[in-house]
>>> print(open('final.cif').read())   # mmCIF, C-alpha atoms and all ligand atoms
data_run
loop_
_atom_site.label_atom_id
_atom_site.label_comp_id
_atom_site.auth_asym_id
_atom_site.auth_seq_id
_atom_site.Cartn_x
_atom_site.Cartn_y
_atom_site.Cartn_z
CA MET A 1 -89.92 -41.46 -52.47
CA TYR A 2 -90.62 -41.92 -48.77
CA GLU A 3 -88.65 -45.16 -48.46
CA TYR A 4 -85.51 -43.57 -47.01
CA TYR A 5 -87.45 -41.78 -44.31
CA ASN A 6 -89.41 -44.89 -43.42
CA GLU A 7 -86.20 -46.90 -43.13
CA GLN A 8 -84.79 -44.27 -40.79
CA LEU A 9 -87.90 -44.48 -38.63
CA ASN A 10 -87.62 -48.27 -38.53
CA LEU A 11 -84.00 -47.92 -37.49
CA LEU A 12 -84.98 -45.59 -34.67
CA GLU A 13 -87.61 -48.07 -33.55
CA ASP A 14 -85.11 -50.96 -33.60
CA ASN A 15 -82.84 -48.95 -31.29
CA SER A 16 -85.64 -47.94 -28.92
CA HIS A 17 -85.16 -44.36 -30.12
CA LEU A 18 -88.50 -43.74 -31.79
CA ARG A 19 -90.38 -40.77 -30.36
CA ASN A 20 -94.13 -40.36 -30.48
CA ILE A 21 -96.60 -37.77 -29.30
CA LYS A 22 -98.65 -39.05 -26.38
CA ASP A 23 -102.41 -38.62 -26.06
CA PHE A 24 -103.56 -37.45 -22.67
CA SER A 25 -107.19 -37.03 -21.69
CA LYS A 26 -106.47 -34.11 -19.38
CA LYS A 27 -103.91 -32.56 -17.05
CA ASP A 28 -104.11 -30.52 -13.92
CA GLU A 29 -101.40 -28.91 -11.82
CA LYS A 30 -100.37 -32.24 -10.30
CA TYR A 31 -101.71 -35.19 -12.24
CA ILE A 32 -101.96 -36.33 -15.81
CA TYR A 33 -104.81 -38.54 -17.00
CA VAL A 34 -104.61 -41.24 -19.67
CA ASN A 35 -108.18 -42.34 -20.26
CA ASP A 36 -109.27 -43.11 -16.70
CA LYS A 37 -105.79 -43.67 -15.31
CA LYS A 38 -104.55 -40.92 -12.99
CA LEU A 39 -100.78 -40.53 -12.83
CA LEU A 40 -98.55 -38.27 -10.74
CA ASN A 41 -96.92 -36.03 -13.32
CA LEU A 42 -93.15 -36.17 -12.78
CA SER A 43 -92.27 -35.09 -16.30
CA SER A 44 -93.50 -31.55 -16.43
CA ASN A 45 -91.67 -28.24 -16.20
CA ASN A 46 -94.74 -26.88 -14.42
CA TYR A 47 -92.54 -26.34 -11.36
CA LEU A 48 -94.90 -24.00 -9.51
CA GLY A 49 -98.16 -25.68 -10.52
CA LEU A 50 -99.24 -22.55 -12.39
CA ALA A 51 -99.92 -24.20 -15.75
CA ASP A 52 -102.94 -26.45 -16.29
CA ASN A 53 -104.40 -24.84 -13.19
CA GLU A 54 -108.08 -23.94 -13.46
CA LYS A 55 -108.04 -21.64 -10.45
CA ILE A 56 -105.16 -19.61 -11.85
CA THR A 57 -106.74 -19.44 -15.30
CA ASP A 58 -110.07 -18.29 -13.85
CA LYS A 59 -108.35 -15.69 -11.71
CA PHE A 60 -106.52 -14.29 -14.74
CA LEU A 61 -109.71 -14.29 -16.79
CA GLY A 62 -111.21 -11.98 -14.20
CA THR A 63 -108.51 -9.35 -14.75
CA ALA A 64 -108.36 -6.52 -17.27
CA GLY A 65 -105.38 -8.21 -18.96
CA CYS A 66 -107.58 -10.96 -20.35
CA LYS A 67 -108.94 -8.50 -22.92
CA TRP A 68 -105.77 -8.61 -25.01
CA SER A 69 -106.12 -10.45 -28.31
CA PHE A 70 -105.16 -14.01 -29.20
CA GLY A 71 -102.91 -13.12 -32.11
CA SER A 72 -100.37 -10.39 -32.83
CA ALA A 73 -100.45 -10.84 -36.62
CA SER A 74 -96.96 -9.35 -37.01
CA ALA A 75 -93.36 -9.54 -35.97
CA ARG A 76 -92.37 -7.12 -33.21
CA LEU A 77 -90.50 -4.82 -35.61
CA LEU A 78 -93.54 -4.52 -37.88
CA THR A 79 -96.85 -3.94 -36.10
CA GLY A 80 -96.40 -6.64 -33.47
CA THR A 81 -95.64 -4.44 -30.48
CA LEU A 82 -98.40 -3.35 -28.11
CA PRO A 83 -97.95 -1.70 -24.69
CA VAL A 84 -98.21 -5.06 -22.94
CA TYR A 85 -94.92 -6.25 -24.51
CA LYS A 86 -93.06 -3.16 -23.39
CA GLY A 87 -94.75 -3.54 -20.00
CA LEU A 88 -93.40 -7.05 -19.59
CA GLU A 89 -89.93 -6.02 -20.78
CA GLU A 90 -89.90 -3.16 -18.28
CA LEU A 91 -91.08 -5.45 -15.52
CA ILE A 92 -88.23 -7.87 -16.26
CA SER A 93 -85.54 -5.19 -16.40
CA ASN A 94 -86.89 -3.56 -13.22
CA LEU A 95 -86.88 -6.86 -11.34
CA TYR A 96 -83.34 -7.68 -12.43
CA GLU A 97 -82.22 -4.05 -12.23
CA THR A 98 -80.73 -4.42 -15.68
CA GLU A 99 -80.53 -1.88 -18.49
CA ALA A 100 -82.93 -3.57 -20.87
CA ALA A 101 -84.91 -6.72 -21.68
CA LEU A 102 -86.26 -8.31 -24.83
CA ILE A 103 -89.05 -10.87 -25.21
CA PHE A 104 -88.54 -13.81 -27.55
CA ASN A 105 -91.24 -16.22 -28.71
CA SER A 106 -89.69 -19.13 -26.81
CA GLY A 107 -86.49 -20.19 -25.13
CA TYR A 108 -85.63 -21.95 -28.35
CA HIS A 109 -86.00 -18.70 -30.31
CA ALA A 110 -83.96 -16.84 -27.70
CA ASN A 111 -81.04 -19.28 -27.67
CA VAL A 112 -80.93 -19.78 -31.42
CA GLY A 113 -81.12 -16.03 -31.95
CA ILE A 114 -78.58 -15.02 -29.32
CA ASN A 115 -75.98 -17.70 -29.97
CA SER A 116 -76.12 -17.31 -33.73
CA THR A 117 -75.84 -13.53 -33.49
CA LEU A 118 -73.26 -12.66 -30.84
CA ALA A 119 -70.37 -14.46 -32.48
CA GLY A 120 -69.82 -13.12 -35.98
CA LYS A 121 -66.87 -13.82 -38.29
CA GLY A 122 -63.62 -13.78 -36.31
CA ASP A 123 -65.44 -14.29 -32.98
CA VAL A 124 -65.73 -17.35 -30.77
CA ILE A 125 -68.16 -19.01 -28.33
CA PHE A 126 -67.24 -21.41 -25.55
CA SER A 127 -70.20 -23.61 -24.65
CA ASP A 128 -70.74 -26.22 -21.92
CA LYS A 129 -70.99 -29.67 -23.48
CA LEU A 130 -74.37 -30.32 -21.87
CA ASN A 131 -75.98 -27.07 -22.97
CA HIS A 132 -79.48 -27.36 -24.40
CA ALA A 133 -80.12 -28.22 -28.06
CA SER A 134 -81.36 -24.67 -28.72
CA ILE A 135 -77.93 -23.30 -27.73
CA ILE A 136 -76.16 -25.87 -29.91
CA ASP A 137 -78.41 -25.00 -32.87
CA GLY A 138 -77.55 -21.33 -32.38
CA LEU A 139 -73.84 -22.14 -32.32
CA GLN A 140 -74.17 -24.06 -35.55
CA LEU A 141 -75.81 -21.11 -37.25
CA ALA A 142 -73.20 -18.64 -35.99
CA GLN A 143 -70.57 -17.28 -38.36
CA GLY A 144 -68.00 -17.46 -35.59
CA LYS A 145 -66.24 -20.54 -34.33
CA PHE A 146 -67.35 -22.49 -31.28
CA PHE A 147 -65.75 -24.86 -28.80
CA ARG A 148 -67.58 -27.11 -26.36
CA TYR A 149 -65.90 -27.66 -23.00
CA PRO A 150 -66.50 -30.73 -20.79
CA HIS A 151 -69.52 -30.27 -18.58
CA ASN A 152 -68.94 -27.78 -15.78
CA ASP A 153 -65.18 -28.35 -16.01
CA MET A 154 -63.75 -24.92 -15.27
CA ASP A 155 -60.13 -26.07 -15.61
CA ALA A 156 -60.84 -27.40 -19.09
CA LEU A 157 -62.58 -24.14 -19.98
CA GLU A 158 -59.60 -22.13 -18.77
CA ARG A 159 -57.20 -24.30 -20.78
CA LEU A 160 -59.33 -23.65 -23.86
CA LEU A 161 -59.38 -19.91 -23.15
CA VAL A 162 -55.59 -19.86 -22.76
CA ARG A 163 -55.19 -21.70 -26.06
CA GLU A 164 -57.87 -20.01 -28.15
CA ARG A 165 -58.94 -16.63 -26.80
CA LYS A 166 -56.04 -14.75 -28.43
CA ASN A 167 -57.05 -16.05 -31.88
CA PHE A 168 -60.42 -14.27 -31.93
CA ASN A 169 -61.97 -10.82 -31.61
CA ASN A 170 -65.08 -11.08 -29.47
CA ALA A 171 -65.56 -14.07 -27.20
CA VAL A 172 -68.65 -15.40 -25.47
CA ILE A 173 -69.05 -18.03 -22.76
CA VAL A 174 -72.48 -19.65 -22.67
CA SER A 175 -73.90 -21.97 -20.05
CA GLU A 176 -77.16 -23.05 -18.50
CA SER A 177 -77.47 -22.32 -14.78
CA VAL A 178 -79.56 -25.35 -13.75
CA PHE A 179 -78.82 -28.02 -16.34
CA SER A 180 -82.07 -29.31 -17.78
CA MET A 181 -81.31 -33.02 -17.93
CA ASP A 182 -78.95 -33.34 -14.95
CA GLY A 183 -80.35 -30.88 -12.44
CA ASP A 184 -76.87 -29.77 -11.40
CA ILE A 185 -75.80 -26.12 -11.34
CA ALA A 186 -73.02 -24.39 -13.27
CA ASP A 187 -70.09 -22.96 -11.37
CA ILE A 188 -71.33 -19.45 -12.02
CA LEU A 189 -68.80 -17.69 -9.78
CA GLN A 190 -65.94 -19.32 -11.66
CA LEU A 191 -67.57 -18.52 -15.01
CA ILE A 192 -67.63 -14.88 -13.94
CA GLU A 193 -63.95 -15.03 -12.93
CA LEU A 194 -63.00 -16.50 -16.29
CA LYS A 195 -65.14 -14.10 -18.28
CA LYS A 196 -63.40 -11.19 -16.57
CA LYS A 197 -59.91 -12.66 -16.82
CA TYR A 198 -60.20 -13.47 -20.53
CA ASN A 199 -62.38 -10.54 -21.61
CA CYS A 200 -65.45 -12.51 -22.69
CA LEU A 201 -69.19 -11.94 -22.57
CA LEU A 202 -71.10 -14.31 -20.29
CA VAL A 203 -74.54 -15.54 -21.38
CA LEU A 204 -76.48 -17.60 -18.85
CA ASP A 205 -79.61 -19.59 -19.62
CA GLU A 206 -81.75 -19.70 -16.47
CA ALA A 207 -84.63 -21.55 -18.19
CA HIS A 208 -85.01 -24.05 -15.35
CA ALA A 209 -84.09 -21.65 -12.55
CA PHE A 210 -86.24 -18.63 -13.39
CA GLY A 211 -89.27 -18.78 -11.09
CA VAL A 212 -87.55 -21.31 -8.83
CA PHE A 213 -84.32 -19.94 -7.31
CA GLY A 214 -83.79 -16.64 -5.51
CA THR A 215 -85.95 -14.63 -3.13
CA LYS A 216 -87.78 -12.96 -6.02
CA GLY A 217 -87.60 -16.09 -8.19
CA LEU A 218 -85.16 -14.55 -10.66
CA GLY A 219 -82.85 -17.56 -10.74
CA VAL A 220 -79.48 -18.73 -9.48
CA CYS A 221 -77.91 -15.34 -10.35
CA GLU A 222 -80.23 -13.65 -7.89
CA LYS A 223 -79.43 -16.25 -5.23
CA LEU A 224 -75.70 -15.66 -5.71
CA ASN A 225 -76.17 -11.90 -6.03
CA VAL A 226 -74.26 -11.76 -9.32
CA ILE A 227 -76.88 -10.44 -11.76
CA LYS A 228 -74.66 -7.45 -12.58
CA ASP A 229 -71.79 -9.73 -13.57
CA ILE A 230 -73.73 -11.49 -16.32
CA ASP A 231 -73.97 -9.80 -19.71
CA LEU A 232 -77.18 -11.53 -20.76
CA ILE A 233 -79.52 -13.65 -18.66
CA ILE A 234 -82.12 -15.75 -20.43
CA GLY A 235 -85.29 -16.96 -18.78
CA THR A 236 -88.29 -18.79 -20.17
CA PHE A 237 -91.99 -18.29 -19.45
CA GLY A 238 -93.09 -21.76 -20.56
CA LYS A 239 -91.74 -23.62 -17.56
CA ALA A 240 -92.18 -22.35 -13.96
CA ILE A 241 -94.29 -19.39 -15.08
CA GLY A 242 -96.82 -21.63 -16.85
CA SER A 243 -97.12 -19.42 -19.93
CA VAL A 244 -95.06 -19.25 -23.14
CA GLY A 245 -92.11 -17.22 -24.42
CA ALA A 246 -88.74 -16.15 -23.09
CA PHE A 247 -86.65 -13.10 -22.33
CA ALA A 248 -83.09 -11.92 -22.47
CA THR A 249 -82.06 -9.19 -20.07
CA GLY A 250 -78.83 -7.34 -19.38
CA ASN A 251 -76.69 -4.86 -21.24
CA LYS A 252 -78.64 -2.40 -23.43
CA ILE A 253 -76.17 -2.38 -26.30
CA LEU A 254 -76.43 -6.17 -26.55
CA ILE A 255 -80.24 -6.02 -26.42
CA ASP A 256 -80.29 -3.39 -29.19
CA TYR A 257 -77.89 -5.53 -31.19
CA LEU A 258 -80.25 -8.52 -30.86
CA ILE A 259 -83.23 -6.41 -31.94
CA ASN A 260 -81.29 -5.56 -35.09
CA LYS A 261 -79.55 -8.85 -35.80
CA ALA A 262 -81.24 -11.85 -34.16
CA ARG A 263 -83.15 -13.49 -36.98
CA SER A 264 -85.39 -15.57 -34.71
CA PHE A 265 -86.58 -12.28 -33.18
CA ILE A 266 -86.86 -10.31 -36.41
CA PHE A 267 -88.53 -12.86 -38.65
CA SER A 268 -91.23 -14.39 -36.47
CA THR A 269 -94.72 -13.24 -35.50
CA ALA A 270 -94.81 -11.88 -31.95
CA LEU A 271 -96.42 -13.88 -29.15
CA PRO A 272 -100.17 -13.52 -28.69
CA PRO A 273 -100.73 -10.39 -26.56
CA ILE A 274 -102.95 -12.33 -24.16
CA ASN A 275 -100.06 -14.66 -23.33
CA VAL A 276 -97.78 -11.72 -22.72
CA ALA A 277 -100.42 -10.24 -20.40
CA PHE A 278 -100.77 -13.60 -18.62
CA THR A 279 -97.00 -13.86 -18.13
CA LYS A 280 -96.86 -10.34 -16.70
CA TRP A 281 -99.80 -11.02 -14.38
CA ILE A 282 -98.25 -14.26 -13.11
CA ILE A 283 -94.88 -12.61 -12.42
CA GLU A 284 -96.50 -9.68 -10.64
CA ASN A 285 -99.18 -11.50 -8.70
CA GLU A 286 -98.53 -15.22 -8.32
CA LEU A 287 -94.75 -15.62 -8.36
CA PRO A 288 -94.24 -13.56 -5.16
CA LEU A 289 -96.61 -15.94 -3.30
CA THR A 290 -94.55 -19.04 -4.10
CA TYR A 291 -91.40 -18.47 -2.05
CA LYS A 292 -92.06 -20.93 0.77
CA LYS A 293 -93.34 -23.66 -1.55
CA ARG A 294 -90.32 -23.24 -3.84
CA MET A 295 -87.91 -23.58 -0.98
CA ASN A 296 -89.70 -26.76 0.21
CA MET A 297 -89.44 -28.17 -3.31
CA LEU A 298 -85.70 -27.51 -3.38
CA GLU A 299 -85.35 -29.16 0.05
CA LEU A 300 -87.10 -32.24 -1.35
CA GLY A 301 -84.68 -32.20 -4.28
CA LYS A 302 -81.77 -32.26 -1.79
CA LYS A 303 -83.20 -35.39 -0.19
CA PHE A 304 -82.78 -37.02 -3.60
CA LYS A 305 -79.19 -35.74 -3.76
CA SER A 306 -79.96 -33.11 -6.38
CA GLU A 307 -78.81 -29.50 -6.33
CA SER A 308 -82.18 -28.52 -7.75
CA HIS A 309 -85.74 -29.72 -8.36
CA ILE A 310 -84.59 -31.88 -11.31
CA ILE A 311 -83.53 -35.42 -10.41
CA PRO A 312 -81.88 -37.58 -13.06
CA VAL A 313 -82.13 -41.34 -12.61
CA ILE A 314 -79.47 -42.55 -15.02
CA ILE A 315 -80.09 -46.05 -16.32
CA GLY A 316 -77.88 -46.26 -19.42
CA GLU A 317 -79.58 -48.39 -22.04
CA ASN A 318 -82.61 -47.12 -23.95
CA ALA A 319 -84.65 -50.31 -23.65
CA LYS A 320 -84.07 -50.59 -19.90
CA THR A 321 -85.04 -46.96 -19.42
CA ILE A 322 -88.29 -47.48 -21.30
CA GLU A 323 -88.96 -50.61 -19.23
CA MET A 324 -88.45 -48.65 -15.99
CA CYS A 325 -90.85 -45.94 -17.16
CA ASP A 326 -93.44 -48.65 -17.89
CA ILE A 327 -93.06 -50.04 -14.37
CA LEU A 328 -93.50 -46.57 -12.90
CA TYR A 329 -96.51 -45.98 -15.15
CA GLU A 330 -98.20 -49.16 -13.91
CA ASN A 331 -97.67 -47.82 -10.39
CA GLY A 332 -99.23 -44.42 -11.00
CA TYR A 333 -96.18 -42.32 -11.94
CA PHE A 334 -95.82 -40.54 -15.25
CA THR A 335 -92.19 -40.31 -16.31
CA LEU A 336 -90.53 -40.24 -19.71
CA PRO A 337 -87.44 -42.00 -20.99
CA ILE A 338 -84.85 -39.40 -21.94
CA ARG A 339 -82.57 -40.81 -24.63
CA PRO A 340 -79.87 -39.62 -27.03
CA PRO A 341 -79.59 -37.19 -28.71
CA THR A 342 -81.22 -35.32 -25.81
CA VAL A 343 -78.57 -36.83 -23.50
CA PRO A 344 -75.17 -38.39 -24.33
CA GLN A 345 -75.03 -41.99 -25.61
CA GLY A 346 -75.15 -44.58 -22.84
CA THR A 347 -76.74 -42.20 -20.30
CA SER A 348 -80.43 -42.73 -21.01
CA ARG A 349 -82.39 -41.75 -17.98
CA ILE A 350 -85.60 -40.91 -16.30
CA ARG A 351 -85.75 -37.21 -15.55
CA ILE A 352 -87.88 -36.59 -12.51
CA SER A 353 -88.94 -33.00 -12.14
CA LEU A 354 -90.41 -31.97 -8.85
CA THR A 355 -93.09 -29.36 -8.55
CA THR A 356 -94.43 -27.45 -5.56
CA GLU A 357 -97.52 -29.70 -5.70
CA ILE A 358 -95.53 -32.87 -5.04
CA ASN A 359 -94.68 -33.92 -1.50
CA GLU A 360 -92.32 -36.48 -0.01
CA GLN A 361 -95.16 -38.90 0.68
CA ASP A 362 -96.03 -38.97 -3.03
CA LEU A 363 -92.58 -40.36 -3.80
CA VAL A 364 -92.21 -43.15 -1.23
CA LYS A 365 -93.32 -45.92 -3.59
CA LEU A 366 -91.33 -44.45 -6.48
CA LYS A 367 -88.14 -44.56 -4.43
CA GLU A 368 -88.76 -48.19 -3.60
CA LEU A 369 -89.54 -49.13 -7.23
CA ILE A 370 -86.36 -47.49 -8.46
CA ARG A 371 -84.30 -49.09 -5.71
CA CYS A 372 -85.68 -52.60 -6.46
CA ASN A 373 -85.50 -52.38 -10.24
CA ILE A 374 -82.29 -50.48 -10.83
CA ILE A 375 -80.05 -50.66 -7.88
CA GLY A 376 -80.78 -54.13 -6.88
C1 LIG A 401 -82.02 -24.92 -20.86
C2 LIG A 401 -83.14 -24.69 -21.82
N1 LIG A 401 -83.13 -23.57 -22.57
C3 LIG A 401 -84.10 -23.31 -23.45
C4 LIG A 401 -85.15 -24.18 -23.63
C5 LIG A 401 -86.19 -23.88 -24.64
O1 LIG A 401 -87.25 -23.18 -24.05
P1 LIG A 401 -88.68 -23.16 -24.72
O2 LIG A 401 -89.35 -24.44 -24.33
O3 LIG A 401 -89.33 -21.94 -24.17
O4 LIG A 401 -88.47 -23.09 -26.19
C6 LIG A 401 -85.23 -25.34 -22.86
C7 LIG A 401 -86.37 -26.25 -23.05
O5 LIG A 401 -86.54 -27.26 -22.48
C8 LIG A 401 -84.19 -25.61 -21.95
O6 LIG A 401 -84.19 -26.72 -21.22
#
>>> encode(input="final.cif", output="structure tokens", more="lines below")
Ligand SMILES: Cc1ncc(COP(=O)(O)O)c(C=O)c1O
Amino acid sequence: MYEYYNEQLNLLEDNSHLRNIKDFSKKDEKYIYVNDKKLLNLSSNNYLGLADNEKITDKFLGTAGCKWSFGSASARLLTGTLPVYKGLEELISNLYETEAALIFNSGYHANVGINSTLAGKGDVIFSDKLNHASIIDGLQLAQGKFFRYPHNDMDALERLLVRERKNFNNAVIVSESVFSMDGDIADILQLIELKKKYNCLLVLDEAHAFGVFGTKGLGVCEKLNVIKDIDLIIGTFGKAIGSVGAFATGNKILIDYLINKARSFIFSTALPPINVAFTKWIIENELPLTYKKRMNMLELGKKFKSESHIIPVIIGENAKTIEMCDILYENGYFTLPIRPPTVPQGTSRIRISLTTEINEQDLVKLKELIRCNIIG
């Protein structure tokens, strides 16, 4: 009965595709420990060093917010809403100066819910080809049709809009801002132009930019001063903020529509109240203190020719990528091989994510190892 599945696993292993869950002894805001080996953690989304941080945890545990419970026992629309949820939603909409905000259990829940809901029968979504799996899964669940345009290619998107927009009722354009596996940034100004010209909604996933870009840490939209031009902005709490969950913020009618229609919101138990309280506390108290460190991190990214704090080292073949990770591991760096289907075939890579804890000195040997083993 299990033979088929076992064969599939063997096939994955033969192609250096097999994934497994790693065992770590412990983590802190900078390092990861495997037994007694201490490795610089270059694979985490803990961009501000707020997760796995004892000092931060202790500080939070000394606040009144730590009295919230560890389980909500209900979906938000049943008995799963306490004042702390509304408090976080209000905080988000006040920061962004938007009409409304809605918390989702994760970025995955948010993207699946939003993308499957906004395009009903007769509607259409245009999605960047490198958008995250959670967006793609949402598109596949949608009743509407979707088209994927070549990555960040605004001319190709416009050609698609010219050809297809007239055939549908509602239309949505969806993109990440900072692309998770490439670290480059969408042409948001052009997306706004196109959305206006072709009468579309624009949904922007700022998962990797929320907490990192902008004076207040609200993302690339804040930096570009275009928050008002985006219909829905999505941010996650599990990355820079060091907590769990996600939000969508923007137009109130769209938020109310999601509350009524997004199945990943309606049919899932709400986040533990204590996590919601932690998220709110971090955004109010810790995020404002990070500005200088965030800007230094982005400067370091520039030195590695990245537009952000995410640096892709594209190797190509799976086996070679794994080999490179092993070399880095032996030299005290923890990186992971990123392979298809996470990235397109033939572009397996090491994704280095910087954090505010990492400095240029930490990366000197890494640069040399990559140069010797990949470039020449
Ligand atoms: C662009 C993007 N959106 C959404 C998600 C999902 O967020 P979460 O981990 O909160 O489910 C990720 C996760 O890596 C992501 O990279």
>>> residues_near_ligand(input="final.cif", ligand="ligand LIG 401 (chain A)", cutoff="9 Å", atoms="only C-alpha atoms and all ligand atoms", output="VMD selection string")
chain A and resid 45 104 to 111 131 to 135 175 to 181 205 to 208 234 to 239 244 to 246
>>> closest_residue(input="final.cif", among="A:Gly120, A:Glu193, A:Lys280, A:Asn167", to="Asp155 in chain A", atoms="all atoms listed in the file")
A:Glu193
>>> residues_near_point(input="final.cif", point="(-100.9, -35.7, -24.5)", cutoff="12 Å", atoms="all atoms listed in the file", output="PyMOL selection string")
chain A and resi 20-27+32-35+41+43-44+334
>>> write_last_selection(input="final.cif", atoms="C-alpha atoms", output="compact mmCIF listing (two decimals), in the coordinates of the input")
# COMPACT_ATOMS: atom_id res chain seq x y z
CA ASN A 20 -94.13 -40.36 -30.48
CA ILE A 21 -96.60 -37.77 -29.30
CA LYS A 22 -98.65 -39.05 -26.38
CA ASP A 23 -102.41 -38.62 -26.06
CA PHE A 24 -103.56 -37.45 -22.67
CA SER A 25 -107.19 -37.03 -21.69
CA LYS A 26 -106.47 -34.11 -19.38
CA LYS A 27 -103.91 -32.56 -17.05
CA ILE A 32 -101.96 -36.33 -15.81
CA TYR A 33 -104.81 -38.54 -17.00
CA VAL A 34 -104.61 -41.24 -19.67
CA ASN A 35 -108.18 -42.34 -20.26
CA ASN A 41 -96.92 -36.03 -13.32
CA SER A 43 -92.27 -35.09 -16.30
CA SER A 44 -93.50 -31.55 -16.43
CA PHE A 334 -95.82 -40.54 -15.25
>>> atom_distance(input="final.cif", atom1="CA of Val112 in chain A", atom2="CA of Arg76 in chain A")
17.2 Å
>>> atom_distance(input="final.cif", atom1="CA of Ile188 in chain A", atom2="CA of Tyr257 in chain A")
24.6 Å
>>> atom_distance(input="final.cif", atom1="CA of Leu78 in chain A", atom2="CA of Asn94 in chain A")
25.6 Å
>>> closest_residue(input="final.cif", among="A:Val124, A:Ile314, A:Leu118, A:Leu91", to="Ala262 in chain A", atoms="all atoms listed in the file")
A:Leu118
>>> residues_around(input="final.cif", residues="Ser306 in chain A", least_positions_apart="6", cutoff="12 Å", atoms="only C-alpha atoms", output="PDB file with C-alpha atoms, in the coordinates of the input")
ATOM      1  CA  VAL A 178     -79.560 -25.350 -13.750  1.00  0.00           C
ATOM      2  CA  PHE A 179     -78.820 -28.020 -16.340  1.00  0.00           C
ATOM      3  CA  MET A 181     -81.310 -33.020 -17.930  1.00  0.00           C
ATOM      4  CA  ASP A 182     -78.950 -33.340 -14.950  1.00  0.00           C
ATOM      5  CA  GLY A 183     -80.350 -30.880 -12.440  1.00  0.00           C
ATOM      6  CA  ASP A 184     -76.870 -29.770 -11.400  1.00  0.00           C
ATOM      7  CA  ILE A 185     -75.800 -26.120 -11.340  1.00  0.00           C
ATOM      8  CA  MET A 297     -89.440 -28.170  -3.310  1.00  0.00           C
ATOM      9  CA  LEU A 298     -85.700 -27.510  -3.380  1.00  0.00           C
ATOM     10  CA  GLU A 299     -85.350 -29.160   0.050  1.00  0.00           C
ATOM     11  CA  LEU A 300     -87.100 -32.240  -1.350  1.00  0.00           C
ATOM     12  CA  PRO A 312     -81.880 -37.580 -13.060  1.00  0.00           C
ATOM     13  CA  VAL A 313     -82.130 -41.340 -12.610  1.00  0.00           C
ATOM     14  CA  ARG A 351     -85.750 -37.210 -15.550  1.00  0.00           C
ATOM     15  CA  ILE A 352     -87.880 -36.590 -12.510  1.00  0.00           C
ATOM     16  CA  SER A 353     -88.940 -33.000 -12.140  1.00  0.00           C
ATOM     17  CA  LEU A 354     -90.410 -31.970  -8.850  1.00  0.00           C
TER      18      LEU A 354
END
>>> residues_around(input="final.cif", residues="Leu102 in chain A", least_positions_apart="6", cutoff="7 Å", atoms="all atoms listed in the file", output="ChimeraX atom specification")
/A:89,247-249,255
>>> residues_around(input="final.cif", residues="Val220 in chain A", least_positions_apart="6", cutoff="7 Å", atoms="only C-alpha atoms", output="number ranges by chain")
A: 177, 209, 213-214
>>> closest_residue(input="final.cif", among="A:Gly49, A:Gly219, A:Gly332, A:Gly62", to="Ile241 in chain A", atoms="all atoms listed in the file")
A:Gly49
>>> residues_around(input="final.cif", residues="range 7-15 of chain A", least_positions_apart="3", cutoff="8 Å", atoms="all atoms listed in the file", output="ChimeraX atom specification")
/A:3-4,18,318-319
>>> residues_near_point(input="final.cif", point="(-70.0, -22.8, -15.0)", cutoff="7 Å", atoms="all atoms listed in the file", output="ChimeraX atom specification")
/A:152,154,175,186-188,190-191
>>> closest_residue(input="final.cif", among="A:Asp137, A:Glu222, A:Glu54, A:Glu90", to="Phe210 in chain A", atoms="all atoms listed in the file")
A:Glu222
>>> closest_residue(input="final.cif", among="A:Ile338, A:Met295, A:Ile283, A:Leu202", to="Gly242 in chain A", atoms="only C-alpha atoms")
A:Ile283
>>> residues_around(input="final.cif", residues="Arg148 in chain A", least_positions_apart="5", cutoff="6 Å", atoms="all atoms listed in the file", output="ChimeraX atom specification")
/A:126-129
>>> axis_aligned_box(input="final.cif", around="range 368-375 of chain A", padding_each_side="6 Å", output="JSON")
{"center_x": -84.8, "center_y": -50.0, "center_z": -7.2, "size_x": 21.5, "size_y": 17.1, "size_z": 19.2}
>>> closest_residue(input="final.cif", among="A:Ile374, A:Met324, A:Ile259, A:Phe60", to="Ile350 in chain A", atoms="only C-alpha atoms")
A:Met324
>>> decode(input="final.cif", residues="range 12-18 of chain A", atoms="N, CA and C atoms", output="short mmCIF file (atom, residue, chain, number, x, y, z; two decimals), in the first residue's frame")
data_model
loop_
_atom_site.label_atom_id
_atom_site.label_comp_id
_atom_site.auth_asym_id
_atom_site.auth_seq_id
_atom_site.Cartn_x
_atom_site.Cartn_y
_atom_site.Cartn_z
N LEU A 12 13.00 11.11 -5.31
CA LEU A 12 13.44 12.43 -4.82
C LEU A 12 14.88 12.36 -4.34
N GLU A 13 15.18 11.28 -3.62
CA GLU A 13 16.54 11.14 -3.09
C GLU A 13 17.56 11.01 -4.23
N ASP A 14 17.19 10.23 -5.26
CA ASP A 14 18.10 10.05 -6.41
C ASP A 14 18.41 11.37 -7.09
N ASN A 15 17.44 12.29 -7.06
CA ASN A 15 17.63 13.59 -7.72
C ASN A 15 18.09 14.70 -6.78
N SER A 16 18.57 14.29 -5.63
CA SER A 16 19.00 15.26 -4.60
C SER A 16 17.89 16.25 -4.26
N HIS A 17 16.67 15.74 -4.22
CA HIS A 17 15.50 16.59 -3.94
C HIS A 17 14.87 16.31 -2.58
N LEU A 18 15.36 15.23 -1.93
CA LEU A 18 14.67 14.80 -0.70
C LEU A 18 14.85 15.86 0.38
#
